[in-house]
file query-v8.csv (CSV, C-alpha atoms and all ligand atoms)
chain,number,residue,atom,x,y,z
H,1408,MET,CA,13.0,-20.2,-14.6
H,1409,LYS,CA,15.0,-18.3,-17.2
H,1410,LYS,CA,13.2,-15.4,-18.8
H,1411,LYS,CA,12.8,-15.3,-22.6
H,1412,ILE,CA,14.0,-12.3,-24.4
H,1413,LEU,CA,13.9,-10.9,-27.9
H,1414,GLY,CA,16.7,-9.0,-29.7
H,1415,SER,CA,19.9,-7.9,-28.0
H,1416,GLY,CA,21.4,-4.9,-26.4
H,1417,ALA,CA,19.5,-2.4,-24.4
H,1418,MET,CA,15.7,-1.9,-24.2
H,1419,ILE,CA,14.8,-5.5,-24.9
H,1420,PRO,CA,11.2,-6.6,-24.6
H,1421,VAL,CA,10.6,-9.6,-22.2
H,1422,LYS,CA,8.3,-12.4,-23.2
H,1423,ILE,CA,5.9,-13.3,-20.4
H,1424,ALA,CA,3.7,-15.7,-22.3
H,1425,LYS,CA,3.2,-16.7,-26.0
H,1426,ASN,CA,2.9,-13.5,-28.0
H,1427,ILE,CA,2.7,-11.3,-24.8
H,1428,TYR,CA,5.6,-9.1,-23.9
H,1429,TRP,CA,6.6,-6.7,-21.1
H,1430,VAL,CA,7.6,-3.4,-22.9
H,1431,GLY,CA,7.8,-1.0,-20.0
H,1432,GLY,CA,10.3,1.5,-18.6
H,1433,ILE,CA,12.8,1.1,-15.8
H,1434,ASP,CA,13.2,4.2,-13.7
H,1435,TRP,CA,16.5,3.5,-12.0
H,1436,ASP,CA,16.9,7.1,-10.6
H,1437,LEU,CA,13.4,7.5,-9.0
H,1438,ARG,CA,13.9,8.2,-5.3
H,1439,ASN,CA,10.7,10.2,-4.6
H,1440,PHE,CA,7.2,9.3,-5.7
H,1441,HIS,CA,5.2,12.3,-4.5
H,1442,GLY,CA,6.6,12.0,-1.0
H,1443,TYR,CA,7.1,8.2,-0.9
H,1444,VAL,CA,10.9,7.5,-0.8
H,1445,THR,CA,11.6,4.9,-3.4
H,1446,GLN,CA,15.1,3.7,-2.5
H,1447,LYS,CA,15.0,1.0,-5.1
H,1448,GLY,CA,13.6,3.1,-8.0
H,1449,SER,CA,10.6,1.7,-9.9
H,1450,THR,CA,9.3,0.4,-13.2
H,1451,TYR,CA,6.3,1.4,-15.2
H,1452,ASN,CA,5.0,-1.8,-16.7
H,1453,ALA,CA,3.4,-1.8,-20.2
H,1454,TYR,CA,2.4,-5.1,-21.8
H,1455,LEU,CA,2.0,-5.8,-25.5
H,1456,VAL,CA,-0.4,-8.5,-26.7
H,1457,ILE,CA,0.1,-9.7,-30.3
H,1458,ASP,CA,-2.9,-11.3,-32.1
H,1459,GLU,CA,-5.1,-10.5,-35.1
H,1460,LYS,CA,-5.5,-7.2,-33.3
H,1461,ILE,CA,-2.6,-5.8,-31.3
H,1462,ALA,CA,-3.2,-4.3,-27.8
H,1463,LEU,CA,-0.9,-2.4,-25.4
H,1464,ILE,CA,-2.0,-2.6,-21.8
H,1465,ASP,CA,-1.0,0.6,-20.0
H,1466,THR,CA,1.9,2.9,-21.0
H,1467,VAL,CA,4.8,4.5,-19.2
H,1468,LYS,CA,5.7,7.9,-17.6
H,1469,HIS,CA,6.2,10.4,-20.4
H,1470,TYR,CA,10.0,10.5,-20.0
H,1471,HIS,CA,10.2,6.7,-20.6
H,1472,TYR,CA,8.2,6.9,-23.9
H,1473,GLU,CA,11.2,6.4,-26.2
H,1474,GLU,CA,12.3,3.4,-24.1
H,1475,MET,CA,8.9,1.8,-24.4
H,1476,ILE,CA,8.8,2.5,-28.2
H,1477,GLU,CA,12.2,0.9,-28.6
H,1478,ARG,CA,11.1,-2.2,-26.8
H,1479,ILE,CA,7.8,-2.4,-28.8
H,1480,SER,CA,9.7,-1.9,-32.1
H,1481,LYS,CA,11.7,-5.0,-31.4
H,1482,VAL,CA,8.4,-7.0,-31.6
H,1483,ILE,CA,6.2,-5.0,-34.0
H,1484,ASP,CA,5.8,-1.7,-35.7
H,1485,PRO,CA,4.2,0.5,-32.9
H,1486,SER,CA,2.0,2.2,-35.5
H,1487,LYS,CA,0.2,-1.1,-35.9
H,1488,ILE,CA,-1.2,-1.0,-32.3
H,1489,ASN,CA,-5.0,-1.3,-32.6
H,1490,TYR,CA,-6.0,-0.9,-28.9
H,1491,ILE,CA,-4.5,0.9,-25.9
H,1492,ILE,CA,-5.9,-0.3,-22.6
H,1493,SER,CA,-5.7,2.4,-19.9
H,1494,ASN,CA,-6.3,0.6,-16.6
H,1495,HIS,CA,-5.6,3.8,-14.7
H,1496,VAL,CA,-5.5,7.6,-15.4
H,1497,GLU,CA,-2.5,8.5,-13.2
H,1498,MET,CA,0.3,9.8,-15.4
H,1499,ASP,CA,2.9,7.1,-14.6
H,1500,HIS,CA,0.7,4.8,-16.7
H,1501,SER,CA,-1.2,7.1,-19.1
H,1502,GLY,CA,1.6,9.7,-19.6
H,1503,SER,CA,2.7,8.2,-23.0
H,1504,ILE,CA,-0.8,7.8,-24.5
H,1505,PRO,CA,-0.8,11.2,-26.2
H,1506,LEU,CA,2.6,10.6,-27.7
H,1507,LEU,CA,1.7,7.1,-28.8
H,1508,LYS,CA,-1.5,8.3,-30.5
H,1509,LYS,CA,0.7,10.5,-32.7
H,1510,ILE,CA,2.2,7.4,-34.3
H,1511,ALA,CA,-0.8,5.1,-33.9
H,1512,PRO,CA,-3.6,7.6,-34.5
H,1513,HIS,CA,-6.3,5.0,-35.1
H,1514,ALA,CA,-5.7,3.1,-31.9
H,1515,ALA,CA,-8.8,3.2,-29.7
H,1516,VAL,CA,-8.2,3.8,-26.0
H,1517,TYR,CA,-10.2,1.6,-23.6
H,1518,ALA,CA,-10.9,2.7,-20.1
H,1519,SER,CA,-13.5,2.6,-17.3
H,1520,PRO,CA,-16.2,5.4,-17.4
H,1521,ASN,CA,-14.2,7.3,-14.7
H,1522,GLY,CA,-11.1,6.6,-16.7
H,1523,VAL,CA,-12.5,8.2,-19.8
H,1524,LYS,CA,-13.6,11.1,-17.8
H,1525,GLY,CA,-10.3,11.5,-16.0
H,1526,LEU,CA,-8.2,11.1,-19.2
H,1527,THR,CA,-10.4,13.6,-21.1
H,1528,GLU,CA,-10.1,16.1,-18.3
H,1529,HIS,CA,-6.3,15.6,-17.8
H,1530,TYR,CA,-5.3,15.6,-21.5
H,1531,LYS,CA,-7.9,18.1,-22.6
H,1532,SER,CA,-8.9,16.1,-25.7
H,1533,ASP,CA,-10.6,13.0,-26.9
H,1534,LEU,CA,-7.9,10.5,-27.7
H,1535,GLY,CA,-10.3,8.0,-29.1
H,1536,PHE,CA,-11.7,6.8,-25.8
H,1537,LYS,CA,-14.1,3.9,-25.4
H,1538,GLN,CA,-15.8,3.1,-22.1
H,1539,VAL,CA,-15.8,-0.4,-20.7
H,1540,LYS,CA,-17.4,-1.9,-17.6
H,1541,THR,CA,-16.9,-5.0,-15.5
H,1542,GLY,CA,-17.5,-8.1,-17.6
H,1543,ASP,CA,-17.0,-6.5,-21.0
H,1544,THR,CA,-14.7,-8.4,-23.3
H,1545,LEU,CA,-12.5,-7.2,-26.2
H,1546,LYS,CA,-11.7,-10.0,-28.7
H,1547,LEU,CA,-8.2,-9.7,-30.2
H,1548,GLY,CA,-8.3,-13.1,-32.2
H,1549,LYS,CA,-7.4,-16.1,-30.2
H,1550,TYR,CA,-6.9,-13.9,-27.2
H,1551,SER,CA,-9.4,-11.8,-25.4
H,1552,LEU,CA,-9.3,-9.1,-22.7
H,1553,ARG,CA,-11.9,-9.0,-20.0
H,1554,PHE,CA,-12.3,-5.9,-17.9
H,1555,ILE,CA,-12.9,-5.7,-14.1
H,1556,LEU,CA,-13.5,-2.3,-12.6
H,1557,THR,CA,-11.7,-1.8,-9.2
H,1558,PRO,CA,-12.7,1.8,-8.2
H,1559,MET,CA,-10.6,3.4,-5.5
H,1560,VAL,CA,-7.8,0.9,-5.7
H,1561,HIS,CA,-6.5,3.5,-5.5
H,1562,TRP,CA,-8.3,6.1,-7.8
H,1563,PRO,CA,-11.9,6.2,-8.9
H,1564,ASP,CA,-11.0,5.1,-12.4
H,1565,ASN,CA,-8.9,2.0,-11.7
H,1566,MET,CA,-9.6,-1.3,-13.5
H,1567,MET,CA,-7.8,-4.6,-14.1
H,1568,THR,CA,-7.7,-6.5,-17.3
H,1569,TYR,CA,-7.8,-10.3,-17.4
H,1570,LEU,CA,-6.5,-12.4,-20.3
H,1571,PRO,CA,-8.2,-15.8,-19.7
H,1572,GLU,CA,-6.5,-17.8,-22.5
H,1573,GLU,CA,-3.1,-17.4,-20.7
H,1574,LYS,CA,-4.6,-16.8,-17.2
H,1575,ILE,CA,-2.9,-13.4,-16.8
H,1576,LEU,CA,-4.3,-10.7,-14.5
H,1577,PHE,CA,-3.0,-7.2,-15.5
H,1578,SER,CA,-3.6,-5.7,-12.1
H,1579,ASN,CA,-2.3,-2.2,-12.5
H,1580,ASP,CA,-1.3,-0.6,-9.2
H,1581,ALA,CA,-2.6,-3.5,-7.1
H,1582,PHE,CA,0.1,-6.0,-6.1
H,1583,GLY,CA,2.8,-3.5,-7.3
H,1584,GLN,CA,6.2,-2.7,-5.7
H,1585,HIS,CA,8.6,0.1,-6.4
H,1586,ILE,CA,11.6,-1.9,-7.5
H,1587,ALA,CA,13.8,-1.1,-10.5
H,1588,SER,CA,15.4,-4.3,-11.7
H,1589,TYR,CA,16.9,-5.9,-14.8
H,1590,ASP,CA,14.8,-9.0,-13.9
H,1591,ARG,CA,11.1,-9.0,-14.4
H,1592,PHE,CA,9.8,-11.9,-12.3
H,1593,ASP,CA,9.2,-12.6,-8.6
H,1594,ASP,CA,11.3,-15.9,-8.7
H,1595,GLU,CA,14.4,-13.9,-9.8
H,1596,HIS,CA,14.7,-12.1,-6.4
H,1597,GLN,CA,14.5,-12.8,-2.7
H,1598,LEU,CA,10.9,-13.1,-1.7
H,1599,ASN,CA,11.4,-11.2,1.6
H,1600,MET,CA,12.8,-8.2,-0.3
H,1601,ILE,CA,9.9,-8.2,-2.7
H,1602,MET,CA,7.3,-8.5,0.1
H,1603,GLN,CA,9.0,-5.7,2.1
H,1604,GLU,CA,8.6,-3.4,-1.0
H,1605,ALA,CA,5.0,-4.7,-1.6
H,1606,ALA,CA,4.2,-3.9,2.1
H,1607,LYS,CA,5.7,-0.4,1.7
H,1608,TYR,CA,3.7,0.1,-1.4
H,1609,TYR,CA,0.5,-1.1,0.3
H,1610,ALA,CA,1.1,1.1,3.4
H,1611,ASN,CA,1.8,4.2,1.4
H,1612,ILE,CA,-0.6,4.0,-1.5
H,1613,VAL,CA,-3.3,1.4,-1.0
H,1614,MET,CA,-4.1,1.3,2.7
H,1615,PRO,CA,-6.9,4.0,2.8
H,1616,TYR,CA,-8.9,1.8,0.4
H,1617,SER,CA,-8.8,-1.5,2.2
H,1618,GLU,CA,-12.6,-2.0,1.8
H,1619,GLN,CA,-12.3,-1.6,-2.0
H,1620,VAL,CA,-9.3,-4.0,-2.0
H,1621,LYS,CA,-11.5,-6.6,-0.3
H,1622,SER,CA,-14.0,-6.3,-3.1
H,1623,ALA,CA,-11.2,-6.5,-5.8
H,1624,LEU,CA,-9.8,-9.6,-4.1
H,1625,SER,CA,-13.2,-11.2,-4.2
H,1626,ASP,CA,-13.4,-10.5,-7.9
H,1627,ALA,CA,-9.9,-11.9,-8.4
H,1628,ALA,CA,-10.8,-15.0,-6.4
H,1629,LYS,CA,-13.3,-16.0,-9.2
H,1630,LEU,CA,-10.4,-16.0,-11.8
H,1631,ASP,CA,-8.0,-18.7,-12.7
H,1632,ILE,CA,-4.7,-16.8,-12.3
H,1633,GLU,CA,-1.2,-18.1,-13.3
H,1634,ILE,CA,0.4,-14.6,-13.6
H,1635,ILE,CA,-0.3,-11.3,-11.9
H,1636,ALA,CA,1.3,-8.6,-14.0
H,1637,PRO,CA,1.2,-5.3,-12.0
H,1638,SER,CA,2.1,-1.9,-13.3
H,1639,HIS,CA,5.1,-1.4,-11.0
H,1640,GLY,CA,7.9,-3.8,-10.1
H,1641,LEU,CA,8.2,-7.5,-10.5
H,1642,ILE,CA,5.6,-9.8,-12.2
H,1643,TRP,CA,4.2,-12.5,-9.9
H,1644,ARG,CA,4.3,-16.0,-11.3
H,1645,LYS,CA,5.6,-18.1,-8.4
H,1646,HIS,CA,4.3,-16.4,-5.3
H,1647,ILE,CA,0.8,-15.5,-6.3
H,1648,ASN,CA,-0.8,-17.2,-3.3
H,1649,GLU,CA,1.6,-15.4,-1.0
H,1650,ILE,CA,0.9,-11.9,-2.3
H,1651,ILE,CA,-2.9,-12.5,-2.4
H,1652,HIS,CA,-2.7,-13.8,1.2
H,1653,GLN,CA,-0.7,-10.7,2.2
H,1654,TYR,CA,-3.3,-8.4,0.6
H,1655,GLU,CA,-6.0,-10.3,2.5
H,1656,GLU,CA,-4.2,-9.6,5.8
H,1657,TRP,CA,-3.3,-6.0,5.0
H,1658,SER,CA,-6.8,-5.1,3.8
H,1659,GLY,CA,-8.3,-6.8,6.9
H,1660,ASN,CA,-6.3,-4.3,9.0
H,1661,LEU,CA,-5.0,-7.2,11.0
H,1662,THR,CA,-2.4,-6.2,13.7
H,1663,LYS,CA,0.0,-8.1,15.9
H,1664,ASN,CA,1.5,-7.4,19.3
H,1665,LYS,CA,3.7,-4.7,17.9
H,1666,CYS,CA,4.2,-1.1,19.1
H,1667,VAL,CA,5.8,1.7,17.0
H,1668,ILE,CA,7.1,4.7,18.9
H,1669,ILE,CA,7.5,7.7,16.6
H,1670,PHE,CA,9.0,10.9,18.0
H,1671,ASP,CA,11.2,13.9,17.6
H,1672,THR,CA,13.1,15.5,20.4
H,1673,MET,CA,14.8,18.8,21.2
H,1674,TRP,CA,16.9,18.1,24.4
H,1675,ASN,CA,16.3,14.3,24.7
H,1676,SER,CA,13.6,14.6,27.3
H,1677,THR,CA,10.9,13.4,24.9
H,1678,LYS,CA,13.3,10.7,23.8
H,1679,LYS,CA,13.7,9.5,27.4
H,1680,ILE,CA,9.9,9.1,27.6
H,1681,ALA,CA,9.9,7.2,24.3
H,1682,TYR,CA,12.4,4.7,25.7
H,1683,ALA,CA,10.3,4.3,28.9
H,1684,ILE,CA,7.3,3.5,26.7
H,1685,GLN,CA,9.4,1.0,24.8
H,1686,SER,CA,10.4,-0.7,28.1
H,1687,ALA,CA,6.7,-1.1,29.1
H,1688,PHE,CA,5.8,-2.7,25.8
H,1689,GLU,CA,8.8,-4.9,25.8
H,1690,SER,CA,8.0,-6.2,29.3
H,1691,ARG,CA,4.6,-7.2,27.9
H,1692,ASP,CA,6.3,-9.1,25.1
H,1693,PHE,CA,5.5,-6.7,22.4
H,1694,GLU,CA,7.7,-6.2,19.3
H,1695,THR,CA,8.8,-2.6,19.4
H,1696,GLU,CA,10.2,-0.1,16.8
H,1697,MET,CA,11.8,3.2,17.8
H,1698,LEU,CA,11.4,5.6,15.0
H,1699,ASN,CA,13.0,9.0,15.5
H,1700,LEU,CA,11.7,11.4,12.9
H,1701,GLN,CA,15.2,12.9,12.5
H,1702,THR,CA,16.5,9.6,11.1
H,1703,ASN,CA,13.5,7.9,9.6
H,1704,HIS,CA,11.4,8.9,6.6
H,1705,ILE,CA,7.6,9.0,7.1
H,1706,SER,CA,7.1,6.6,4.2
H,1707,ASP,CA,9.3,4.0,5.9
H,1708,ILE,CA,7.5,4.5,9.2
H,1709,MET,CA,4.2,3.7,7.4
H,1710,THR,CA,5.5,0.3,6.5
H,1711,GLU,CA,6.4,-0.4,10.1
H,1712,LEU,CA,3.0,0.5,11.4
H,1713,LEU,CA,1.1,-1.5,8.7
H,1714,ASN,CA,0.6,-4.3,11.3
H,1715,ALA,CA,1.2,-2.5,14.6
H,1716,LYS,CA,-1.4,-2.6,17.3
H,1717,TYR,CA,-0.1,0.5,19.1
H,1718,ILE,CA,1.0,3.7,17.6
H,1719,CYS,CA,2.7,6.1,20.1
H,1720,VAL,CA,3.7,9.6,18.9
H,1721,GLY,CA,5.8,12.1,20.9
H,1722,SER,CA,6.7,15.7,20.4
H,1723,PRO,CA,8.1,18.4,22.7
H,1724,THR,CA,6.5,21.8,22.4
H,1725,LEU,CA,8.1,24.5,20.2
H,1726,ASN,CA,6.5,27.9,20.0
H,1727,ASN,CA,3.1,26.6,21.2
H,1728,ASN,CA,3.1,23.8,18.7
H,1729,MET,CA,4.4,20.3,18.0
H,1730,LEU,CA,7.7,20.0,16.0
H,1731,PRO,CA,7.2,20.4,12.2
H,1732,THR,CA,8.5,16.8,11.7
H,1733,VAL,CA,5.8,15.4,13.9
H,1734,SER,CA,3.2,17.5,12.3
H,1735,ALA,CA,4.2,16.3,8.8
H,1736,PHE,CA,4.1,12.7,10.0
H,1737,LEU,CA,0.6,13.1,11.5
H,1738,THR,CA,-0.7,14.7,8.4
H,1739,TYR,CA,0.6,11.8,6.3
H,1740,LEU,CA,-0.7,9.2,8.8
H,1741,LYS,CA,-4.2,10.8,8.9
H,1742,GLY,CA,-4.4,10.6,5.1
H,1743,LEU,CA,-3.4,6.9,5.0
H,1744,ALA,CA,-5.9,6.1,7.7
H,1745,PRO,CA,-4.9,2.8,9.4
H,1746,LYS,CA,-7.8,1.2,11.3
H,1747,ASN,CA,-8.2,-0.8,14.5
H,1748,ARG,CA,-5.3,0.8,16.4
H,1749,PHE,CA,-4.5,2.1,19.8
H,1750,GLY,CA,-2.9,5.5,20.1
H,1751,LEU,CA,-0.7,7.2,22.7
H,1752,ALA,CA,0.5,10.8,22.7
H,1753,PHE,CA,3.5,11.9,24.8
H,1754,GLY,CA,6.1,14.6,25.1
H,1755,SER,CA,8.1,16.9,27.4
H,1756,TYR,CA,7.7,20.7,27.6
H,1757,GLY,CA,9.1,23.7,29.4
H,1758,TRP,CA,6.1,26.0,29.9
H,1759,GLY,CA,3.4,25.8,27.2
H,1760,GLY,CA,3.0,22.0,26.7
H,1761,GLN,CA,0.4,22.4,23.8
H,1762,SER,CA,2.1,19.8,21.6
H,1763,ILE,CA,0.9,16.8,23.6
H,1764,GLY,CA,-2.8,17.7,23.3
H,1765,GLN,CA,-2.3,18.5,19.6
H,1766,VAL,CA,-0.8,15.0,18.9
H,1767,GLU,CA,-3.6,13.4,21.0
H,1768,ASP,CA,-6.3,15.2,19.1
H,1769,THR,CA,-4.9,14.1,15.7
H,1770,LEU,CA,-4.5,10.5,16.8
H,1771,ALA,CA,-8.0,10.5,18.2
H,1772,SER,CA,-9.3,12.0,14.9
H,1773,CYS,CA,-7.8,9.0,13.1
H,1774,GLY,CA,-10.2,6.8,15.1
H,1775,PHE,CA,-7.7,5.3,17.4
H,1776,GLU,CA,-8.6,4.1,20.8
H,1777,MET,CA,-6.5,6.5,23.0
H,1778,LEU,CA,-4.5,5.8,26.1
H,1779,GLU,CA,-4.0,8.6,28.6
H,1780,SER,CA,-1.4,11.0,27.3
H,1781,ILE,CA,2.1,11.3,29.0
H,1782,LYS,CA,3.2,14.8,29.6
H,1783,ILE,CA,6.4,15.6,31.6
H,1784,LYS,CA,7.6,19.1,32.5
H,1785,TYR,CA,11.3,19.7,31.7
H,1786,VAL,CA,13.6,16.6,32.1
H,1787,PRO,CA,11.9,13.4,33.3
H,1788,GLU,CA,13.3,12.0,36.5
H,1789,LYS,CA,14.1,8.3,37.0
H,1790,ASN,CA,11.1,7.9,39.3
H,1791,GLN,CA,8.9,9.6,36.7
H,1792,LEU,CA,10.1,7.2,34.0
H,1793,ALA,CA,9.6,4.2,36.3
H,1794,GLU,CA,6.1,5.4,37.0
H,1795,ILE,CA,5.4,5.7,33.2
H,1796,ILE,CA,6.6,2.1,32.7
H,1797,ASN,CA,4.6,0.8,35.7
H,1798,LYS,CA,1.3,2.5,34.7
H,1799,LEU,CA,1.6,1.6,31.1
H,1800,GLU,CA,2.3,-2.1,31.7
H,1801,GLY,CA,-1.1,-2.2,33.4
H,1802,LEU,CA,-2.9,-0.6,30.5
H,1803,ILE,CA,-1.5,-2.5,27.5
H,1804,LYS,CA,-4.1,-4.9,26.1
Y,1,LIG,FE1,1.1,3.8,-10.4
Y,1,LIG,FE2,-1.8,5.2,-9.3
Y,1,LIG,O1,-0.3,5.0,-10.3

call {"tool": "encode", "arguments": {"input": "query-v8.csv", "output": "structure tokens", "more": "lines below"}}
Ligand code: FEO
result
Amino acid sequence: MKKKILGSGAMIPVKIAKNIYWVGGIDWDLRNFHGYVTQKGSTYNAYLVIDEKIALIDTVKHYHYEEMIERISKVIDPSKINYIISNHVEMDHSGSIPLLKKIAPHAAVYASPNGVKGLTEHYKSDLGFKQVKTGDTLKLGKYSLRFILTPMVHWPDNMMTYLPEEKILFSNDAFGQHIASYDRFDDEHQLNMIMQEAAKYYANIVMPYSEQVKSALSDAAKLDIEIIAPSHGLIWRKHINEIIHQYEEWSGNLTKNKCVIIFDTMWNSTKKIAYAIQSAFESRDFETEMLNLQTNHISDIMTELLNAKYICVGSPTLNNNMLPTVSAFLTYLKGLAPKNRFGLAFGSYGWGGQSIGQVEDTLASCGFEMLESIKIKYVPEKNQLAEIINKLEGLIK
């Protein structure tokens, strides 16, 4: 389906339904979103709803403000905006509210109670906030906006906004993907690419809050939805069932027979153990991924372990500790808290050998069911590697 556009040249708004426009910002250069490597950039999606009253749903990062205003100006005079809906406090969506309030000073800002609290604390002033709760409706004329609070998906303040007359769910961070693109809709790209980015987004941002996602999905199931308009990336209009199904699987912490082996190595001894572990899992028909921390970013590793049953982590010992790359990965992993997994720590050492116990302790503190750790002094011999394979084959469930 061809998208409908207004105006010409750069910074065009994109019509997503009658009198409803995407007016966001495209961050082509974004490569790091607080530690999450965004190889495809991102967008900050803001949506303009024109009726007797004019509403703007979310804004953009502060440095995309002019871009957003240029898009809005091709539809209406931005000073005529009556309502700003702030679905989420985080600054990639609220960052332009103070600037917009300078040209639309009478616009009221609607947010959840935690949203009003967070926005007030962050921006150190009352920008005309009004609190809403689940079920509250704001009439714009023919259109209306219904609010659904979704706390901890992924901040305490999150909410979604539903426009029943056009069956659009403005879902904010949920269902998002970090993709910068000229196109706005899911049917304008390859679905497997969008799903890969949606999976990375879920693994790196949403995963710790799976229980809250389940509750948000149950609220969404009560709605008649034809468009899901998230705050990052492409708008879902063709593959709504697919992305909801994926969120059900991811939030259920469902795993498959897959083993991710994450390691760093000094003199290739830990690497040899890693490959022995891989052999054992392969012989038990597991899908395996070898993820050397020297060549893989931790945010890409999280995508790979989203549905992995076994998470094996290896480090040699350096100055009585694990390698810093492994330590950074484990800190990140612990924060993102995948559930229902098996863990295995491994590594080689020369004399101290403390790293293996440290890795084991961290994996155990994630709540993983642990296999007996593998610890080899100096360079593993062929017979030792064969023994690892043999023993592990018998333990894999
Ligand atoms: Fe896209 Fe939680 O901000």

call {"tool": "atom_distance", "arguments": {"input": "query-v8.csv", "atom1": "CA of Val1620 (chain H)", "atom2": "CA of Ser1658 (chain H)"}}
result
6.4 Å

call {"tool": "closest_residue", "arguments": {"input": "query-v8.csv", "among": "H:Val1560, H:Met1777, H:Ile1491, H:Leu1570", "to": "ligand LIG 1 (chain Y)", "atoms": "only C-alpha atoms and all ligand atoms"}}
result
H:Val1560

call {"tool": "closest_residue", "arguments": {"input": "query-v8.csv", "among": "H:Tyr1608, H:Trp1758, H:Phe1670, H:Trp1657", "to": "Tyr1443 (chain H)", "atoms": "all atoms listed in the file"}}
result
H:Tyr1608

call {"tool": "closest_residue", "arguments": {"input": "query-v8.csv", "among": "H:Pro1485, H:Pro1731, H:Gly1448, H:Gly1502", "to": "Thr1466 (chain H)", "atoms": "only C-alpha atoms"}}
result
H:Gly1502

call {"tool": "residues_near_ligand", "arguments": {"input": "query-v8.csv", "ligand": "ligand LIG 1 (chain Y)", "cutoff": "12 Å", "atoms": "all atoms listed in the file", "output": "PyMOL selection string"}}
result
chain H and resi 1440-1441+1449-1453+1465-1468+1493-1502+1522+1558-1566+1578-1585+1608-1609+1611-1613+1637-1640

call {"tool": "atom_distance", "arguments": {"input": "query-v8.csv", "atom1": "CA of Ser1755 (chain H)", "atom2": "CA of Cys1666 (chain H)"}}
result
20.2 Å

call {"tool": "residues_around", "arguments": {"input": "query-v8.csv", "residues": "Gly1721 (chain H)", "least_positions_apart": "2", "cutoff": "10 Å", "atoms": "only C-alpha atoms", "output": "compact mmCIF listing (two decimals) with C-alpha atoms, in the frame of the given file"}}
result
# COMPACT_ATOMS: atom_id res chain seq x y z
CA ILE H 1668 7.10 4.70 18.90
CA ILE H 1669 7.50 7.70 16.60
CA PHE H 1670 9.00 10.90 18.00
CA ASP H 1671 11.20 13.90 17.60
CA THR H 1672 13.10 15.50 20.40
CA THR H 1677 10.90 13.40 24.90
CA LYS H 1678 13.30 10.70 23.80
CA ILE H 1680 9.90 9.10 27.60
CA ALA H 1681 9.90 7.20 24.30
CA ASN H 1699 13.00 9.00 15.50
CA LEU H 1700 11.70 11.40 12.90
CA CYS H 1719 2.70 6.10 20.10
CA PRO H 1723 8.10 18.40 22.70
CA THR H 1724 6.50 21.80 22.40
CA MET H 1729 4.40 20.30 18.00
CA LEU H 1730 7.70 20.00 16.00
CA VAL H 1733 5.80 15.40 13.90
CA LEU H 1751 -0.70 7.20 22.70
CA ALA H 1752 0.50 10.80 22.70
CA PHE H 1753 3.50 11.90 24.80
CA GLY H 1754 6.10 14.60 25.10
CA SER H 1755 8.10 16.90 27.40
CA SER H 1762 2.10 19.80 21.60
CA ILE H 1763 0.90 16.80 23.60
CA VAL H 1766 -0.80 15.00 18.90
CA GLU H 1767 -3.60 13.40 21.00
CA SER H 1780 -1.40 11.00 27.30
CA ILE H 1781 2.10 11.30 29.00
CA LYS H 1782 3.20 14.80 29.60

call {"tool": "closest_residue", "arguments": {"input": "query-v8.csv", "among": "H:Ser1772, H:Tyr1454, H:Gln1685, H:Gly1525", "to": "Leu1576 (chain H)", "atoms": "all atoms listed in the file"}}
result
H:Tyr1454

call {"tool": "residues_near_point", "arguments": {"input": "query-v8.csv", "point": "(5.4, -17.1, -9.8)", "cutoff": "10 Å", "atoms": "only C-alpha atoms", "output": "PyMOL selection string"}}
result
chain H and resi 1408+1592-1595+1633-1635+1642-1649

call {"tool": "residues_around", "arguments": {"input": "query-v8.csv", "residues": "Ser1551 (chain H)", "least_positions_apart": "6", "cutoff": "10 Å", "atoms": "all atoms listed in the file", "output": "list in words"}}
result
Val1456, Asp1458, Lys1460, Thr1544, Leu1545, Thr1568, Tyr1569, Leu1570, Pro1571, Glu1572 and Glu1573 of chain H

call {"tool": "residues_near_point", "arguments": {"input": "query-v8.csv", "point": "(-10.9, -7.8, -0.9)", "cutoff": "10 Å", "atoms": "only C-alpha atoms", "output": "ChimeraX atom specification"}}
result
/H:1616-1628,1651,1654-1659

call {"tool": "atom_distance", "arguments": {"input": "query-v8.csv", "atom1": "CA of Ala1606 (chain H)", "atom2": "CA of Ala1744 (chain H)"}}
result
15.3 Å
